[in-house]
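Everything below belongs to start_12.pdb, which stores PDB, C-alpha atoms, pLDDT in the B column.
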ATOM      1  CA  MET A   1     270.360  31.180 229.783  1.00 52.00           C
ATOM      2  CA  SER A   2     268.028  28.189 229.649  1.00 66.00           C
ATOM      3  CA  LEU A   3     270.699  25.813 228.331  1.00 74.00           C
ATOM      4  CA  MET A   4     272.564  26.135 231.630  1.00 80.00           C
ATOM      5  CA  LYS A   5     269.863  24.640 233.860  1.00 77.00           C
ATOM      6  CA  ASN A   6     270.807  21.100 232.783  1.00 79.00           C
ATOM      7  CA  LEU A   7     274.520  21.693 233.366  1.00 84.00           C
ATOM      8  CA  LYS A   8     274.452  22.255 237.132  1.00 82.00           C
ATOM      9  CA  THR A   9     276.520  19.997 239.357  1.00 84.00           C
ATOM     10  CA  LYS A  10     275.279  17.997 242.333  1.00 78.00           C
ATOM     11  CA  ASP A  11     276.746  17.803 245.813  1.00 76.00           C
ATOM     12  CA  ASN A  12     277.015  13.993 245.945  1.00 73.00           C
ATOM     13  CA  LEU A  13     278.774  13.279 242.642  1.00 77.00           C
ATOM     14  CA  GLU A  14     282.465  13.373 241.783  1.00 74.00           C
ATOM     15  CA  LEU A  15     283.389  16.232 239.442  1.00 72.00           C
ATOM     16  CA  ASP A  16     286.448  14.514 238.031  1.00 77.00           C
ATOM     17  CA  GLN A  17     288.516  11.382 238.466  1.00 70.00           C
ATOM     18  CA  ASP A  18     292.236  10.952 237.928  1.00 75.00           C
ATOM     19  CA  ARG A  19     292.444   7.765 235.856  1.00 66.00           C
ATOM     20  CA  LEU A  20     295.339   6.605 233.717  1.00 64.00           C
ATOM     21  CA  GLY A  21     293.514   5.411 231.136  1.00 53.00           C
ATOM     22  CA  GLY A  22     294.305  14.203 206.871  1.00 46.00           C
ATOM     23  CA  ARG A  23     295.581  16.934 209.087  1.00 61.00           C
ATOM     24  CA  GLN A  24     298.659  16.950 211.232  1.00 82.00           C
ATOM     25  CA  MET A  25     297.998  14.438 213.973  1.00 93.00           C
ATOM     26  CA  PHE A  26     299.076  15.036 217.549  1.00 98.00           C
ATOM     27  CA  GLU A  27     301.066  12.268 219.154  1.00 97.00           C
ATOM     28  CA  THR A  28     299.750  11.206 222.549  1.00 98.00           C
ATOM     29  CA  ASP A  29     301.115  13.704 225.070  1.00 98.00           C
ATOM     30  CA  VAL A  30     300.260  16.753 227.206  1.00 98.00           C
ATOM     31  CA  TYR A  31     300.297  20.090 225.386  1.00 98.00           C
ATOM     32  CA  ASP A  32     300.135  23.743 226.399  1.00 98.00           C
ATOM     33  CA  ALA A  33     297.193  25.246 224.547  1.00 98.00           C
ATOM     34  CA  THR A  34     294.876  28.231 224.202  1.00 98.00           C
ATOM     35  CA  VAL A  35     291.098  27.978 223.815  1.00 98.00           C
ATOM     36  CA  THR A  36     290.304  29.656 220.491  1.00 97.00           C
ATOM     37  CA  TYR A  37     286.569  29.047 220.753  1.00 98.00           C
ATOM     38  CA  ALA A  38     284.072  27.207 222.955  1.00 98.00           C
ATOM     39  CA  PHE A  39     280.342  27.227 222.336  1.00 98.00           C
ATOM     40  CA  LEU A  40     277.202  25.296 223.219  1.00 98.00           C
ATOM     41  CA  ASP A  41     274.929  23.617 220.687  1.00 97.00           C
ATOM     42  CA  VAL A  42     271.764  21.530 220.826  1.00 97.00           C
ATOM     43  CA  ALA A  43     271.381  18.392 218.703  1.00 96.00           C
ATOM     44  CA  ASP A  44     268.120  17.323 217.063  1.00 94.00           C
ATOM     45  CA  SER A  45     267.734  14.883 219.962  1.00 95.00           C
ATOM     46  CA  GLY A  46     267.868  17.764 222.450  1.00 97.00           C
ATOM     47  CA  ALA A  47     271.304  16.785 223.769  1.00 97.00           C
ATOM     48  CA  ILE A  48     273.540  19.743 224.669  1.00 98.00           C
ATOM     49  CA  SER A  49     277.121  19.699 223.419  1.00 98.00           C
ATOM     50  CA  ILE A  50     280.202  21.782 224.014  1.00 98.00           C
ATOM     51  CA  ASN A  51     282.210  22.419 220.877  1.00 98.00           C
ATOM     52  CA  PHE A  52     285.722  23.737 221.372  1.00 98.00           C
ATOM     53  CA  GLN A  53     288.946  24.383 219.554  1.00 98.00           C
ATOM     54  CA  ILE A  54     292.378  24.577 221.147  1.00 98.00           C
ATOM     55  CA  LYS A  55     295.603  25.851 219.590  1.00 97.00           C
ATOM     56  CA  THR A  56     298.954  24.530 220.756  1.00 97.00           C
ATOM     57  CA  GLU A  57     302.163  26.533 220.967  1.00 96.00           C
ATOM     58  CA  ASP A  58     303.323  25.292 217.553  1.00 95.00           C
ATOM     59  CA  GLY A  59     300.182  26.697 215.907  1.00 95.00           C
ATOM     60  CA  ARG A  60     298.315  23.423 215.383  1.00 96.00           C
ATOM     61  CA  THR A  61     294.619  23.304 216.217  1.00 96.00           C
ATOM     62  CA  HIS A  62     292.284  20.576 217.428  1.00 97.00           C
ATOM     63  CA  ASN A  63     288.470  20.724 217.343  1.00 96.00           C
ATOM     64  CA  GLN A  64     286.254  18.550 219.497  1.00 97.00           C
ATOM     65  CA  THR A  65     282.570  18.068 220.301  1.00 97.00           C
ATOM     66  CA  GLU A  66     281.468  16.528 223.602  1.00 98.00           C
ATOM     67  CA  TYR A  67     277.846  15.803 224.513  1.00 98.00           C
ATOM     68  CA  MET A  68     277.247  17.007 228.060  1.00 97.00           C
ATOM     69  CA  THR A  69     273.625  15.896 228.408  1.00 98.00           C
ATOM     70  CA  SER A  70     271.431  13.119 227.131  1.00 97.00           C
ATOM     71  CA  GLY A  71     268.650  13.801 224.640  1.00 97.00           C
ATOM     72  CA  GLU A  72     265.041  14.674 225.417  1.00 96.00           C
ATOM     73  CA  LYS A  73     264.000  11.004 225.546  1.00 95.00           C
ATOM     74  CA  LYS A  74     266.320  10.522 228.539  1.00 95.00           C
ATOM     75  CA  GLY A  75     265.490  13.834 230.186  1.00 96.00           C
ATOM     76  CA  CYS A  76     268.363  15.992 228.886  1.00 96.00           C
ATOM     77  CA  LYS A  77     270.370  15.050 231.991  1.00 96.00           C
ATOM     78  CA  ASN A  78     274.085  15.533 232.560  1.00 97.00           C
ATOM     79  CA  THR A  79     274.174  12.254 234.507  1.00 97.00           C
ATOM     80  CA  TYR A  80     273.526   8.565 233.906  1.00 96.00           C
ATOM     81  CA  THR A  81     272.860   5.620 236.226  1.00 95.00           C
ATOM     82  CA  ASP A  82     274.991   2.495 235.982  1.00 95.00           C
ATOM     83  CA  SER A  83     273.828  -1.119 236.319  1.00 95.00           C
ATOM     84  CA  ASN A  84     274.337  -0.920 240.098  1.00 96.00           C
ATOM     85  CA  GLY A  85     272.044   2.075 240.396  1.00 96.00           C
ATOM     86  CA  LYS A  86     274.891   4.539 241.021  1.00 96.00           C
ATOM     87  CA  GLU A  87     274.649   7.969 239.410  1.00 97.00           C
ATOM     88  CA  HIS A  88     277.605   9.456 237.516  1.00 97.00           C
ATOM     89  CA  TYR A  89     278.242  12.506 235.371  1.00 96.00           C
ATOM     90  CA  LEU A  90     278.405  11.895 231.638  1.00 97.00           C
ATOM     91  CA  PRO A  91     282.047  11.861 230.454  1.00 97.00           C
ATOM     92  CA  GLY A  92     281.320  14.731 228.062  1.00 97.00           C
ATOM     93  CA  PHE A  93     279.991  16.849 230.910  1.00 98.00           C
ATOM     94  CA  VAL A  94     283.046  16.062 233.036  1.00 97.00           C
ATOM     95  CA  LEU A  95     285.377  17.209 230.255  1.00 98.00           C
ATOM     96  CA  GLY A  96     283.391  20.366 229.463  1.00 98.00           C
ATOM     97  CA  ASN A  97     282.989  21.317 233.109  1.00 98.00           C
ATOM     98  CA  THR A  98     286.666  20.645 233.816  1.00 98.00           C
ATOM     99  CA  LEU A  99     287.652  22.854 230.894  1.00 98.00           C
ATOM    100  CA  ALA A 100     285.556  25.671 232.379  1.00 98.00           C
ATOM    101  CA  LEU A 101     286.917  25.215 235.905  1.00 98.00           C
ATOM    102  CA  LEU A 102     290.553  25.152 234.805  1.00 98.00           C
ATOM    103  CA  THR A 103     290.292  28.160 232.483  1.00 97.00           C
ATOM    104  CA  VAL A 104     287.915  30.658 234.102  1.00 97.00           C
ATOM    105  CA  GLY A 105     287.522  29.138 237.556  1.00 97.00           C
ATOM    106  CA  GLU A 106     283.763  28.557 237.353  1.00 97.00           C
ATOM    107  CA  GLU A 107     281.562  25.592 236.579  1.00 97.00           C
ATOM    108  CA  ILE A 108     280.133  25.535 233.089  1.00 97.00           C
ATOM    109  CA  GLY A 109     276.545  25.744 234.311  1.00 95.00           C
ATOM    110  CA  ASP A 110     277.325  29.135 235.856  1.00 96.00           C
ATOM    111  CA  LEU A 111     278.744  30.697 232.681  1.00 97.00           C
ATOM    112  CA  ASP A 112     276.903  32.979 230.282  1.00 96.00           C
ATOM    113  CA  THR A 113     276.829  32.693 226.511  1.00 97.00           C
ATOM    114  CA  ASP A 114     276.754  35.388 223.852  1.00 97.00           C
ATOM    115  CA  GLU A 115     275.636  34.934 220.269  1.00 97.00           C
ATOM    116  CA  LYS A 116     278.663  35.199 217.988  1.00 97.00           C
ATOM    117  CA  VAL A 117     279.348  34.447 214.329  1.00 97.00           C
ATOM    118  CA  ILE A 118     282.361  32.292 213.451  1.00 96.00           C
ATOM    119  CA  ASN A 119     283.395  30.266 210.424  1.00 94.00           C
ATOM    120  CA  LEU A 120     282.558  26.584 210.836  1.00 93.00           C
ATOM    121  CA  TYR A 121     282.698  23.662 208.421  1.00 90.00           C
ATOM    122  CA  ASN A 122     279.298  22.901 206.876  1.00 91.00           C
ATOM    123  CA  ARG A 123     278.949  19.252 205.849  1.00 86.00           C
ATOM    124  CA  GLU A 124     276.217  19.917 203.324  1.00 89.00           C
ATOM    125  CA  GLU A 125     278.108  22.729 201.599  1.00 91.00           C
ATOM    126  CA  LYS A 126     281.481  21.027 202.220  1.00 90.00           C
ATOM    127  CA  LYS A 127     283.145  24.291 203.161  1.00 92.00           C
ATOM    128  CA  GLU A 128     283.407  26.767 206.037  1.00 93.00           C
ATOM    129  CA  LEU A 129     280.515  29.188 206.374  1.00 95.00           C
ATOM    130  CA  PRO A 130     279.706  32.028 208.824  1.00 96.00           C
ATOM    131  CA  THR A 131     277.669  30.373 211.588  1.00 96.00           C
ATOM    132  CA  LYS A 132     275.860  31.757 214.634  1.00 97.00           C
ATOM    133  CA  VAL A 133     276.863  30.042 217.882  1.00 97.00           C
ATOM    134  CA  ASN A 134     276.213  30.368 221.620  1.00 97.00           C
ATOM    135  CA  MET A 135     279.769  31.300 222.573  1.00 98.00           C
ATOM    136  CA  LEU A 136     281.163  30.746 226.064  1.00 98.00           C
ATOM    137  CA  VAL A 137     282.993  34.038 225.774  1.00 97.00           C
ATOM    138  CA  ASP A 138     284.782  33.870 229.131  1.00 97.00           C
ATOM    139  CA  MET A 139     286.694  30.772 228.016  1.00 98.00           C
ATOM    140  CA  VAL A 140     287.970  32.198 224.736  1.00 98.00           C
ATOM    141  CA  GLY A 141     291.668  33.069 224.862  1.00 98.00           C
ATOM    142  CA  GLU A 142     292.307  31.240 228.131  1.00 98.00           C
ATOM    143  CA  GLN A 143     295.289  28.923 228.507  1.00 98.00           C
ATOM    144  CA  VAL A 144     295.195  25.321 229.651  1.00 98.00           C
ATOM    145  CA  LYS A 145     297.171  22.096 229.467  1.00 98.00           C
ATOM    146  CA  VAL A 146     295.451  19.269 227.604  1.00 98.00           C
ATOM    147  CA  ALA A 147     296.134  15.549 227.374  1.00 98.00           C
ATOM    148  CA  ILE A 148     295.621  14.618 223.729  1.00 98.00           C
ATOM    149  CA  GLU A 149     295.433  10.963 222.768  1.00 98.00           C
ATOM    150  CA  LYS A 150     296.114   9.554 219.318  1.00 97.00           C
ATOM    151  CA  GLN A 151     293.413   6.901 219.047  1.00 97.00           C
ATOM    152  CA  VAL A 152     292.388   4.117 216.679  1.00 96.00           C
ATOM    153  CA  VAL A 153     288.596   4.094 216.366  1.00 95.00           C
ATOM    154  CA  ASP A 154     285.988   2.327 214.245  1.00 94.00           C
ATOM    155  CA  LYS A 155     284.927   3.797 210.928  1.00 91.00           C
ATOM    156  CA  GLN A 156     281.169   4.223 211.060  1.00 88.00           C
ATOM    157  CA  VAL A 157     278.767   3.357 208.224  1.00 89.00           C
ATOM    158  CA  LYS A 158     274.998   3.626 207.953  1.00 86.00           C
ATOM    159  CA  ASN A 159     273.211   0.246 207.980  1.00 88.00           C
ATOM    160  CA  ASP A 160     269.881  -0.685 206.365  1.00 86.00           C
ATOM    161  CA  ALA A 161     268.023   0.650 209.400  1.00 84.00           C
ATOM    162  CA  GLY A 162     269.662   4.039 208.980  1.00 81.00           C
ATOM    163  CA  LYS A 163     271.849   3.683 212.069  1.00 83.00           C
ATOM    164  CA  TYR A 164     275.592   4.245 212.151  1.00 82.00           C
ATOM    165  CA  VAL A 165     277.534   1.101 213.086  1.00 88.00           C
ATOM    166  CA  ALA A 166     281.142  -0.049 213.008  1.00 88.00           C
ATOM    167  CA  SER A 167     282.235  -1.043 209.499  1.00 88.00           C
ATOM    168  CA  GLY A 168     285.112  -3.316 210.466  1.00 88.00           C
ATOM    169  CA  GLU A 169     287.627  -0.703 209.261  1.00 93.00           C
ATOM    170  CA  THR A 170     289.434   1.771 211.489  1.00 94.00           C
ATOM    171  CA  ARG A 171     290.843   5.284 211.387  1.00 94.00           C
ATOM    172  CA  GLU A 172     293.102   7.405 213.586  1.00 96.00           C
ATOM    173  CA  ILE A 173     291.835  10.482 215.417  1.00 96.00           C
ATOM    174  CA  ASN A 174     292.929  12.832 218.180  1.00 98.00           C
ATOM    175  CA  ALA A 175     290.900  13.373 221.333  1.00 98.00           C
ATOM    176  CA  VAL A 176     291.372  15.590 224.380  1.00 98.00           C
ATOM    177  CA  THR A 177     290.799  13.222 227.280  1.00 98.00           C
ATOM    178  CA  LYS A 178     292.104  15.174 230.279  1.00 98.00           C
ATOM    179  CA  VAL A 179     292.593  18.819 231.207  1.00 98.00           C
ATOM    180  CA  PHE A 180     295.138  20.360 233.594  1.00 98.00           C
ATOM    181  CA  ARG A 181     295.486  23.887 234.959  1.00 98.00           C
ATOM    182  CA  HIS A 182     297.960  25.828 232.862  1.00 98.00           C
ATOM    183  CA  ARG A 183     300.048  27.441 235.579  1.00 97.00           C
ATOM    184  CA  ASP A 184     300.844  24.314 237.586  1.00 97.00           C
ATOM    185  CA  GLY A 185     299.482  21.188 235.880  1.00 98.00           C
ATOM    186  CA  MET A 186     296.952  20.503 238.632  1.00 98.00           C
ATOM    187  CA  THR A 187     293.814  18.433 237.957  1.00 98.00           C
ATOM    188  CA  VAL A 188     290.377  19.287 239.317  1.00 97.00           C
ATOM    189  CA  THR A 189     290.731  16.379 241.744  1.00 97.00           C
ATOM    190  CA  GLU A 190     294.085  17.648 243.045  1.00 98.00           C
ATOM    191  CA  ILE A 191     292.850  21.215 243.418  1.00 97.00           C
ATOM    192  CA  LYS A 192     289.760  20.144 245.348  1.00 96.00           C
ATOM    193  CA  ALA A 193     291.918  17.913 247.564  1.00 96.00           C
ATOM    194  CA  LYS A 194     294.239  20.926 248.158  1.00 96.00           C
ATOM    195  CA  ALA A 195     297.252  18.921 247.017  1.00 97.00           C
ATOM    196  CA  GLU A 196     300.566  20.663 247.579  1.00 95.00           C
ATOM    197  CA  GLU A 197     301.930  19.733 244.168  1.00 95.00           C
ATOM    198  CA  PRO A 198     300.674  18.119 240.945  1.00 95.00           C
ATOM    199  CA  ASN A 199     301.364  14.420 240.501  1.00 97.00           C
ATOM    200  CA  PHE A 200     298.807  12.976 238.129  1.00 98.00           C
ATOM    201  CA  MET A 201     299.916  14.777 234.975  1.00 98.00           C
ATOM    202  CA  GLN A 202     303.399  13.281 235.118  1.00 98.00           C
ATOM    203  CA  MET A 203     301.921   9.851 235.852  1.00 98.00           C
ATOM    204  CA  TRP A 204     299.679  10.216 232.802  1.00 98.00           C
ATOM    205  CA  ILE A 205     302.624  11.235 230.621  1.00 98.00           C
ATOM    206  CA  GLU A 206     304.784   8.335 231.812  1.00 98.00           C
ATOM    207  CA  LYS A 207     302.009   5.843 231.082  1.00 97.00           C
ATOM    208  CA  ASN A 208     300.643   7.228 227.825  1.00 98.00           C
ATOM    209  CA  LYS A 209     303.142   9.455 225.984  1.00 98.00           C
ATOM    210  CA  GLY A 210     303.668   8.279 222.412  1.00 97.00           C
ATOM    211  CA  GLN A 211     301.130   5.469 222.699  1.00 97.00           C
ATOM    212  CA  LEU A 212     298.505   4.710 220.038  1.00 96.00           C
ATOM    213  CA  ILE A 213     295.315   4.122 222.053  1.00 96.00           C
ATOM    214  CA  ASN A 214     293.055   1.417 220.602  1.00 95.00           C
ATOM    215  CA  LYS A 215     289.390   2.327 221.007  1.00 93.00           C
ATOM    216  CA  ALA A 216     288.124   0.230 218.083  1.00 92.00           C
ATOM    217  CA  LYS A 217     285.557  -2.478 218.852  1.00 88.00           C
ATOM    218  CA  GLY A 218     285.151  -3.998 215.395  1.00 80.00           C
ATOM    219  CA  ALA A 219     281.963  -4.894 213.557  1.00 63.00           C
ATOM    220  CA  ALA A 220     279.688  -7.682 214.734  1.00 56.00           C
ATOM    221  CA  ASP A 221     277.968 -10.013 212.210  1.00 48.00           C
ATOM    222  CA  ASN A 222     274.648  -8.255 212.706  1.00 39.00           C
ATOM    223  CA  GLY A 223     276.096  -4.849 211.869  1.00 41.00           C
ATOM    224  CA  ALA A 224     276.253  -3.630 215.471  1.00 40.00           C
ATOM    225  CA  THR A 225     279.411  -2.795 217.346  1.00 37.00           C
ATOM    226  CA  LYS A 226     280.910  -5.354 219.685  1.00 39.00           C
ATOM    227  CA  GLY A 227     281.293  -4.585 223.337  1.00 38.00           C
ATOM    228  CA  ALA A 228     279.926  -1.883 225.602  1.00 37.00           C
ATOM    229  CA  PRO A 229     281.174   1.706 225.594  1.00 39.00           C
ATOM    230  CA  LYS A 230     284.042   1.868 227.495  1.00 41.00           C
ATOM    231  CA  LYS A 231     284.240  13.353 246.998  1.00 42.00           C
ATOM    232  CA  ALA A 232     284.682  16.625 247.577  1.00 44.00           C
ATOM    233  CA  ASP A 233     282.921  19.753 248.868  1.00 49.00           C
ATOM    234  CA  SER A 234     280.955  21.145 245.928  1.00 48.00           C
ATOM    235  CA  ALA A 235     279.516  24.270 247.496  1.00 53.00           C
ATOM    236  CA  LYS A 236     279.620  27.128 244.988  1.00 57.00           C
ATOM    237  CA  SER A 237     281.653  29.356 247.266  1.00 59.00           C
ATOM    238  CA  SER A 238     284.243  26.604 247.699  1.00 65.00           C
ATOM    239  CA  VAL A 239     284.462  25.956 243.964  1.00 68.00           C
ATOM    240  CA  LYS A 240     285.002  29.621 243.181  1.00 69.00           C
ATOM    241  CA  SER A 241     287.637  30.038 245.872  1.00 73.00           C
ATOM    242  CA  LEU A 242     289.519  26.932 244.745  1.00 77.00           C
ATOM    243  CA  PHE A 243     289.512  27.676 241.037  1.00 80.00           C
ATOM    244  CA  ALA A 244     289.560  31.475 241.036  1.00 73.00           C
ATOM    245  CA  LYS A 245     292.438  32.824 238.992  1.00 70.00           C
TER
END
Whole structure given in structure tokens:
Amino acid sequence: MSLMKNLKTKDNLELDQDRLGGRQMFETDVYDATVTYAFLDVADSGAISINFQIKTEDGRTHNQTEYMTSGEKKGCKNTYTDSNGKEHYLPGFVLGNTLALLTVGEEIGDLDTDEKVINLYNREEKKELPTKVNMLVDMVGEQVKVAIEKQVVDKQVKNDAGKYVASGETREINAVTKVFRHRDGMTVTEIKAKAEEPNFMQMWIEKNKGQLINKAKGAADNGATKGAPKKADSAKSSVKSLFAK
């Protein structure tokens, strides 16, 4: 469908990098999980997001939204250019594409969507309502390992200009920050490098397990947040052969 044209990968960019970096909260760790839903949505800005829910073996669920492209004003691209002029994939695209590769063995831009109706929380009605979504049906029910961080982040408030800024207060959230193949714990980087065994997942666990990750920046005097937001063969035939189940 038309949403997919902005989610294609490029030959000269890295698909993934191995970097250590009110409900029941997950402690920071790696969990075996099943994808219960994954669908695409388009924001008012035109930015495309992937919205997914995973369920761990103990029955807990985690929902997450990741923006995989910029908005229309920036061309609805899945990449950005840094201050040195180097092009990179948006972190949200990397996570969404990795989730697709490590569940169904295909890049997200090559998947199809079907219109489905599921119950989703409606902020205006303050309850779950039947909602039509563009479901990535091939991903539903697939197993994966996910690195979930317990993070401290800024509470956001709307300022006089109508923009959301850091309030100076914080809250704790969970976030999936890394995905591993379910059967062996391999990362995208390790699979593409044809590594004989997984190494990065254990390194991530040793560095991060049980940690509370501080992502809060704090509020500046002017109401804005302090601080800035924190090579492999990519031929389609190679990707499919590497990630095929």
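The nearest approach to Asn214 in chain A among the residues A:Arg60, A:Thr170, A:Gly105, A:Asp18, with only C-alpha atoms taken into account, belongs to A:Thr170.
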Residues proximal to (294.6, 18.3, 239.4) were defined as those with any atom within 12 Å of that point in the file's coordinates, counting all atoms listed in the file. Which are they, as an mmCIF file with C-alpha atoms, in the coordinates of the input?
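So selection27.cif came out as:
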data_model
loop_
_atom_site.group_PDB
_atom_site.id
_atom_site.type_symbol
_atom_site.label_atom_id
_atom_site.label_comp_id
_atom_site.auth_asym_id
_atom_site.auth_seq_id
_atom_site.Cartn_x
_atom_site.Cartn_y
_atom_site.Cartn_z
ATOM 1 C CA LEU A 15 283.389 16.232 239.442
ATOM 2 C CA ASP A 16 286.448 14.514 238.031
ATOM 3 C CA GLN A 17 288.516 11.382 238.466
ATOM 4 C CA ASP A 18 292.236 10.952 237.928
ATOM 5 C CA ARG A 19 292.444 7.765 235.856
ATOM 6 C CA THR A 98 286.666 20.645 233.816
ATOM 7 C CA LEU A 99 287.652 22.854 230.894
ATOM 8 C CA LEU A 101 286.917 25.215 235.905
ATOM 9 C CA LEU A 102 290.553 25.152 234.805
ATOM 10 C CA LYS A 145 297.171 22.096 229.467
ATOM 11 C CA VAL A 146 295.451 19.269 227.604
ATOM 12 C CA LYS A 178 292.104 15.174 230.279
ATOM 13 C CA VAL A 179 292.593 18.819 231.207
ATOM 14 C CA PHE A 180 295.138 20.360 233.594
ATOM 15 C CA ARG A 181 295.486 23.887 234.959
ATOM 16 C CA HIS A 182 297.960 25.828 232.862
ATOM 17 C CA ARG A 183 300.048 27.441 235.579
ATOM 18 C CA ASP A 184 300.844 24.314 237.586
ATOM 19 C CA GLY A 185 299.482 21.188 235.880
ATOM 20 C CA MET A 186 296.952 20.503 238.632
ATOM 21 C CA THR A 187 293.814 18.433 237.957
ATOM 22 C CA VAL A 188 290.377 19.287 239.317
ATOM 23 C CA THR A 189 290.731 16.379 241.744
ATOM 24 C CA GLU A 190 294.085 17.648 243.045
ATOM 25 C CA ILE A 191 292.850 21.215 243.418
ATOM 26 C CA LYS A 192 289.760 20.144 245.348
ATOM 27 C CA ALA A 193 291.918 17.913 247.564
ATOM 28 C CA LYS A 194 294.239 20.926 248.158
ATOM 29 C CA ALA A 195 297.252 18.921 247.017
ATOM 30 C CA GLU A 196 300.566 20.663 247.579
ATOM 31 C CA GLU A 197 301.930 19.733 244.168
ATOM 32 C CA PRO A 198 300.674 18.119 240.945
ATOM 33 C CA ASN A 199 301.364 14.420 240.501
ATOM 34 C CA PHE A 200 298.807 12.976 238.129
ATOM 35 C CA MET A 201 299.916 14.777 234.975
ATOM 36 C CA GLN A 202 303.399 13.281 235.118
ATOM 37 C CA MET A 203 301.921 9.851 235.852
ATOM 38 C CA TRP A 204 299.679 10.216 232.802
ATOM 39 C CA LEU A 242 289.519 26.932 244.745
ATOM 40 C CA PHE A 243 289.512 27.676 241.037
#
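For the pair CA of Ser49 in chain A and CA of Val153 in chain A, the separation is 20.6 Å.
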Ground truth for the PyMOL selection byres ((chain A and resi 32) around 8), written as a PyMOL selection string: chain A and resi 30-31+33-34+56-57+143-146+182
Distance criterion (all atoms listed in the file): nearest to Lys217 in chain A out of A:Asp160, A:Asp44, A:Asp154, A:Asp138: A:Asp154
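You can rank A:Tyr121, A:Thr9, A:Lys116, A:Ile54 by their closest distance to His88 in chain A using only C-alpha atoms, and at the top of that list sits A:Thr9.
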Near-Gly46 in chain A list (8 Å; only C-alpha atoms; drop same-chain fewer than 3 positions) as a VMD selection string: chain A and resid 42 to 43 70 to 72 76
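With distances restricted to all atoms listed in the file, A:Ile118 is the closest residue to Pro130 in chain A from A:Met25, A:Leu95, A:Ile118, A:Ile108.
The gap separating CA of Ile48 in chain A from CA of Leu3 in chain A is 7.6 Å, in Å to one decimal.
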Report as a compact mmCIF listing (two decimals) with C-alpha atoms, in the coordinates of the input the full result of the PyMOL selection byres ((chain A and resi 137) around 8) when it is applied to this structure.
# COMPACT_ATOMS: atom_id res chain seq x y z
CA TYR A 37 286.57 29.05 220.75
CA ALA A 38 284.07 27.21 222.96
CA ASP A 112 276.90 32.98 230.28
CA THR A 113 276.83 32.69 226.51
CA ASP A 114 276.75 35.39 223.85
CA MET A 135 279.77 31.30 222.57
CA LEU A 136 281.16 30.75 226.06
CA ASP A 138 284.78 33.87 229.13
CA MET A 139 286.69 30.77 228.02
CA VAL A 140 287.97 32.20 224.74
Neighbour residues at most 9 Å from (294.2, 6.9, 215.3) (all atoms listed in the file) as an MDAnalysis selection string: chainID A and resid 25 149:153 170:174 212:215
Surrounding residues of Val157 in chain A excluding itself and chain neighbours under 4 positions, 9 Å, all atoms listed in the file, as a PyMOL selection string: chain A and resi 163-167
Store the residues of this selection in a file with C-alpha atoms, as a CSV table (one decimal), keeping the file's coordinate frame.
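Result file follows (out.csv):
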chain,number,residue,atom,x,y,z
A,163,LYS,CA,271.8,3.7,212.1
A,164,TYR,CA,275.6,4.2,212.2
A,165,VAL,CA,277.5,1.1,213.1
A,166,ALA,CA,281.1,0.0,213.0
A,167,SER,CA,282.2,-1.0,209.5
Fewer than 5 positions away in the same chain doesn't count, so skip those; otherwise give me all residues within 12 Å of Leu7 in chain A, counting only C-alpha atoms, as an mmCIF file with C-alpha atoms, in the coordinates of the input.
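Okay, this is what ended up in selection03.cif:
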data_model
loop_
_atom_site.group_PDB
_atom_site.id
_atom_site.type_symbol
_atom_site.label_atom_id
_atom_site.label_comp_id
_atom_site.auth_asym_id
_atom_site.auth_seq_id
_atom_site.Cartn_x
_atom_site.Cartn_y
_atom_site.Cartn_z
ATOM 1 C CA MET A 1 270.360 31.180 229.783
ATOM 2 C CA SER A 2 268.028 28.189 229.649
ATOM 3 C CA LEU A 40 277.202 25.296 223.219
ATOM 4 C CA ALA A 47 271.304 16.785 223.769
ATOM 5 C CA ILE A 48 273.540 19.743 224.669
ATOM 6 C CA SER A 49 277.121 19.699 223.419
ATOM 7 C CA ILE A 50 280.202 21.782 224.014
ATOM 8 C CA TYR A 67 277.846 15.803 224.513
ATOM 9 C CA MET A 68 277.247 17.007 228.060
ATOM 10 C CA THR A 69 273.625 15.896 228.408
ATOM 11 C CA SER A 70 271.431 13.119 227.131
ATOM 12 C CA CYS A 76 268.363 15.992 228.886
ATOM 13 C CA LYS A 77 270.370 15.050 231.991
ATOM 14 C CA ASN A 78 274.085 15.533 232.560
ATOM 15 C CA THR A 79 274.174 12.254 234.507
ATOM 16 C CA TYR A 89 278.242 12.506 235.371
ATOM 17 C CA LEU A 90 278.405 11.895 231.638
ATOM 18 C CA GLY A 92 281.320 14.731 228.062
ATOM 19 C CA PHE A 93 279.991 16.849 230.910
ATOM 20 C CA VAL A 94 283.046 16.062 233.036
ATOM 21 C CA GLY A 96 283.391 20.366 229.463
ATOM 22 C CA ASN A 97 282.989 21.317 233.109
ATOM 23 C CA ALA A 100 285.556 25.671 232.379
ATOM 24 C CA GLU A 107 281.562 25.592 236.579
ATOM 25 C CA ILE A 108 280.133 25.535 233.089
ATOM 26 C CA GLY A 109 276.545 25.744 234.311
ATOM 27 C CA ASP A 110 277.325 29.135 235.856
ATOM 28 C CA LEU A 111 278.744 30.697 232.681
ATOM 29 C CA ASP A 112 276.903 32.979 230.282
#
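In this model, the gap between CA of Asn51 in chain A and CA of Lys132 in chain A comes to 12.9 Å.
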Can you sort out the box for range 94-105 of chain A, edges along x, y and z, all listed atoms in, 8 Å on every side, with centre and edge lengths in Å to one decimal, as lines of an AutoDock Vina configuration file?
center_x = 286.8
center_y = 23.4
center_z = 233.5
size_x = 23.6
size_y = 30.6
size_z = 24.1
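Among the candidates A:Gly210, A:Glu124, A:Asp82, A:Ala147, the one nearest to His62 in chain A when counting only C-alpha atoms is A:Ala147.
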Can you write range 135-142 of chain A from the block above with C-alpha atoms, as a short mmCIF file (atom, residue, chain, number, x, y, z; two decimals), in the first residue's frame?
data_model
loop_
_atom_site.label_atom_id
_atom_site.label_comp_id
_atom_site.auth_asym_id
_atom_site.auth_seq_id
_atom_site.Cartn_x
_atom_site.Cartn_y
_atom_site.Cartn_z
CA MET A 135 -2.74 -4.18 10.75
CA LEU A 136 0.60 -5.75 9.86
CA VAL A 137 -1.05 -9.15 9.95
CA ASP A 138 2.08 -11.21 9.26
CA MET A 139 3.65 -10.01 12.52
CA VAL A 140 0.71 -10.87 14.77
CA GLY A 141 1.36 -13.95 16.89
CA GLU A 142 5.08 -14.08 16.14
#
